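A short worksheet on the structure shown next.
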Amino acid sequence: MEQLIIEAKVENLEKVTEFIIESLEEMNCKPKIIMQMELVIEELFVNVAHYAYTPKKGNCTVQKELKENPRAVVVTFIDSGTPYNPLEHEDPDTS
């Protein structure tokens, strides 16, 4: 397992994305899967950057583990910021 410890700020999104996507490219993943993973990485990391430590600063640990059989990449985001449980909040008004 490899890990990247990086300050949780939006400016570091590209470094986090490269850290994960390089492994997908080495595994010859389809472009569609890579695009989907880029979206997931962006959503997770930007949420940590915007909400976990506000207004303070903190780090995010990004772990990736390559698996062979079945072939997979397991990605884990770890932060020690303010916990957020969407089940404890009202549903947003989407009308």
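In the structure tokens, chains take the letters A, B, ... in the order shown, each chain's residues start at 1, and ligands count up from 1 in the order shown.
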
Which neighbours of Tyr53 of chain A fall inside 7 Å, counting only C-alpha atoms, when residues of the same chain fewer than 3 positions from it are skipped, and could you give them as JSON, numbers by chain? {"A": [56, 57, 58, 81, 82]}

Write the residues of the preceding selection, restricted to N, CA and C atoms, as a PDB file, in the first residue's frame.
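selection_36.pdb, freshly written:
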ATOM      1  N   LYS A  56      -9.819  26.029  10.125  1.00  0.00           N
ATOM      2  CA  LYS A  56      -8.435  25.610  10.370  1.00  0.00           C
ATOM      3  C   LYS A  56      -7.882  24.878   9.153  1.00  0.00           C
ATOM      4  N   LYS A  57      -6.629  24.419   9.261  1.00  0.00           N
ATOM      5  CA  LYS A  57      -5.997  23.640   8.203  1.00  0.00           C
ATOM      6  C   LYS A  57      -5.627  22.276   8.752  1.00  0.00           C
ATOM      7  N   GLY A  58      -5.537  21.292   7.857  1.00  0.00           N
ATOM      8  CA  GLY A  58      -5.156  19.955   8.277  1.00  0.00           C
ATOM      9  C   GLY A  58      -4.757  19.118   7.080  1.00  0.00           C
ATOM     10  N   GLY A  81     -10.583  15.769  10.520  1.00  0.00           N
ATOM     11  CA  GLY A  81     -11.363  16.998  10.627  1.00  0.00           C
ATOM     12  C   GLY A  81     -12.693  16.776  11.320  1.00  0.00           C
ATOM     13  N   THR A  82     -13.530  17.785  11.250  1.00  0.00           N
ATOM     14  CA  THR A  82     -14.853  17.744  11.860  1.00  0.00           C
ATOM     15  C   THR A  82     -15.696  16.664  11.189  1.00  0.00           C
TER      16      THR A  82
END

Surrounding residues of Ala49 of chain A excluding itself and chain neighbours under 4 positions, 12 Å, only C-alpha atoms, as a PyMOL selection string: chain A and resi 6-13+16+41-45+53-61+77-82

Would you write out those residues with C-alpha atoms, as a PDB file, in the first residue's frame?
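The resulting file, selection_30.pdb, is reproduced below:
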ATOM      1  CA  ILE A   6      -0.999  16.185   1.826  1.00  0.00           C
ATOM      2  CA  GLU A   7      -2.505  19.399   3.115  1.00  0.00           C
ATOM      3  CA  ALA A   8      -6.258  19.348   2.539  1.00  0.00           C
ATOM      4  CA  LYS A   9      -6.578  22.351   0.262  1.00  0.00           C
ATOM      5  CA  VAL A  10      -8.178  22.503  -3.177  1.00  0.00           C
ATOM      6  CA  GLU A  11      -4.882  23.534  -4.764  1.00  0.00           C
ATOM      7  CA  ASN A  12      -3.568  20.018  -4.033  1.00  0.00           C
ATOM      8  CA  LEU A  13      -6.328  18.234  -5.966  1.00  0.00           C
ATOM      9  CA  VAL A  16      -3.951  13.682  -5.324  1.00  0.00           C
ATOM     10  CA  ILE A  41     -11.397  11.771  -6.340  1.00  0.00           C
ATOM     11  CA  GLU A  42     -12.445  15.368  -6.926  1.00  0.00           C
ATOM     12  CA  GLU A  43     -15.684  15.012  -4.941  1.00  0.00           C
ATOM     13  CA  LEU A  44     -14.004  13.339  -1.974  1.00  0.00           C
ATOM     14  CA  PHE A  45     -10.904  15.504  -1.754  1.00  0.00           C
ATOM     15  CA  TYR A  53     -11.026  21.602   8.864  1.00  0.00           C
ATOM     16  CA  THR A  54     -12.737  24.933   8.147  1.00  0.00           C
ATOM     17  CA  PRO A  55     -11.551  27.456   9.206  1.00  0.00           C
ATOM     18  CA  LYS A  56      -8.435  25.610  10.370  1.00  0.00           C
ATOM     19  CA  LYS A  57      -5.997  23.640   8.203  1.00  0.00           C
ATOM     20  CA  GLY A  58      -5.156  19.955   8.277  1.00  0.00           C
ATOM     21  CA  ASN A  59      -3.872  17.020   6.300  1.00  0.00           C
ATOM     22  CA  CYS A  60      -5.544  14.316   4.290  1.00  0.00           C
ATOM     23  CA  THR A  61      -3.981  10.890   3.944  1.00  0.00           C
ATOM     24  CA  PHE A  77      -9.203   9.007   2.146  1.00  0.00           C
ATOM     25  CA  ILE A  78      -8.462   9.674   5.829  1.00  0.00           C
ATOM     26  CA  ASP A  79      -8.801  12.979   7.652  1.00  0.00           C
ATOM     27  CA  SER A  80      -9.119  14.028  11.279  1.00  0.00           C
ATOM     28  CA  GLY A  81     -11.363  16.998  10.627  1.00  0.00           C
ATOM     29  CA  THR A  82     -14.853  17.744  11.860  1.00  0.00           C
TER      30      THR A  82
END

In chain A, what's strand (DSSP E or B) per DSSP? Answer as a ChimeraX atom specification? /A:2-7,59-67,72-79

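A straight line drawn from atom CA of Leu39 of chain A to atom CA of Thr17 of chain A is 9.5 Å long.
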
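With only C-alpha atoms taken into account, the protein and nucleic acid residues at most 8 Å from Gln3 of chain A (excluding it and anything under 3 positions from it in its own chain) are Thr61, Val62, Gln63 and Lys64 of chain A.
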
Give me the residues within 12 Å of Arg71 of chain A as a PyMOL selection string, counting only C-alpha atoms and dropping any in the same chain fewer than 5 places off. chain A and resi 23-24+26-29+65-66

Go ahead and write the selection's residues with N, CA and C atoms as a compact mmCIF listing (two decimals), in the first residue's frame.
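Heads up, here's the output in part18.txt:
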# COMPACT_ATOMS: atom_id res chain seq x y z
N SER A 23 -1.62 4.88 -11.22
CA SER A 23 -1.75 3.43 -11.04
C SER A 23 -2.79 2.85 -11.98
N LEU A 24 -3.88 3.57 -12.18
CA LEU A 24 -4.91 3.10 -13.11
C LEU A 24 -4.37 3.02 -14.53
N GLU A 26 -1.22 2.60 -15.37
CA GLU A 26 -0.27 1.47 -15.42
C GLU A 26 -0.99 0.13 -15.53
N MET A 27 -2.21 0.07 -15.00
CA MET A 27 -3.00 -1.15 -15.07
C MET A 27 -3.83 -1.22 -16.36
N ASN A 28 -3.63 -0.23 -17.25
CA ASN A 28 -4.34 -0.16 -18.53
C ASN A 28 -5.86 -0.12 -18.36
N CYS A 29 -6.31 0.66 -17.39
CA CYS A 29 -7.75 0.83 -17.20
C CYS A 29 -8.34 1.59 -18.38
N GLU A 65 -4.11 0.93 -2.75
CA GLU A 65 -3.65 -0.45 -2.68
C GLU A 65 -4.02 -1.14 -3.98
N LEU A 66 -3.03 -1.70 -4.64
CA LEU A 66 -3.26 -2.41 -5.90
C LEU A 66 -3.52 -3.88 -5.61

Every residue of chain A that DSSP places in helix (DSSP H, G or I), as an NGL selection string: :A and (10-26 or 31-52 or 86-88)

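You will find atom CA of Lys30 of chain A at 24.3 Å from atom CA of Val46 of chain A.
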
Contacts of Asn85 of chain A at 12 Å or less, counting only C-alpha atoms, minus same-chain residues fewer than 5 places along, as a ChimeraX atom specification? /A:52,90-91

Computed gap from atom CA of His50 of chain A to atom CA of Val75 of chain A is 19.8 Å

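Minimum atom-to-atom distances from A:Pro83, A:Pro92, A:Pro70, A:Pro31 to Tyr51 of chain A were compared using only C-alpha atoms, and the lowest value belongs to A:Pro83.
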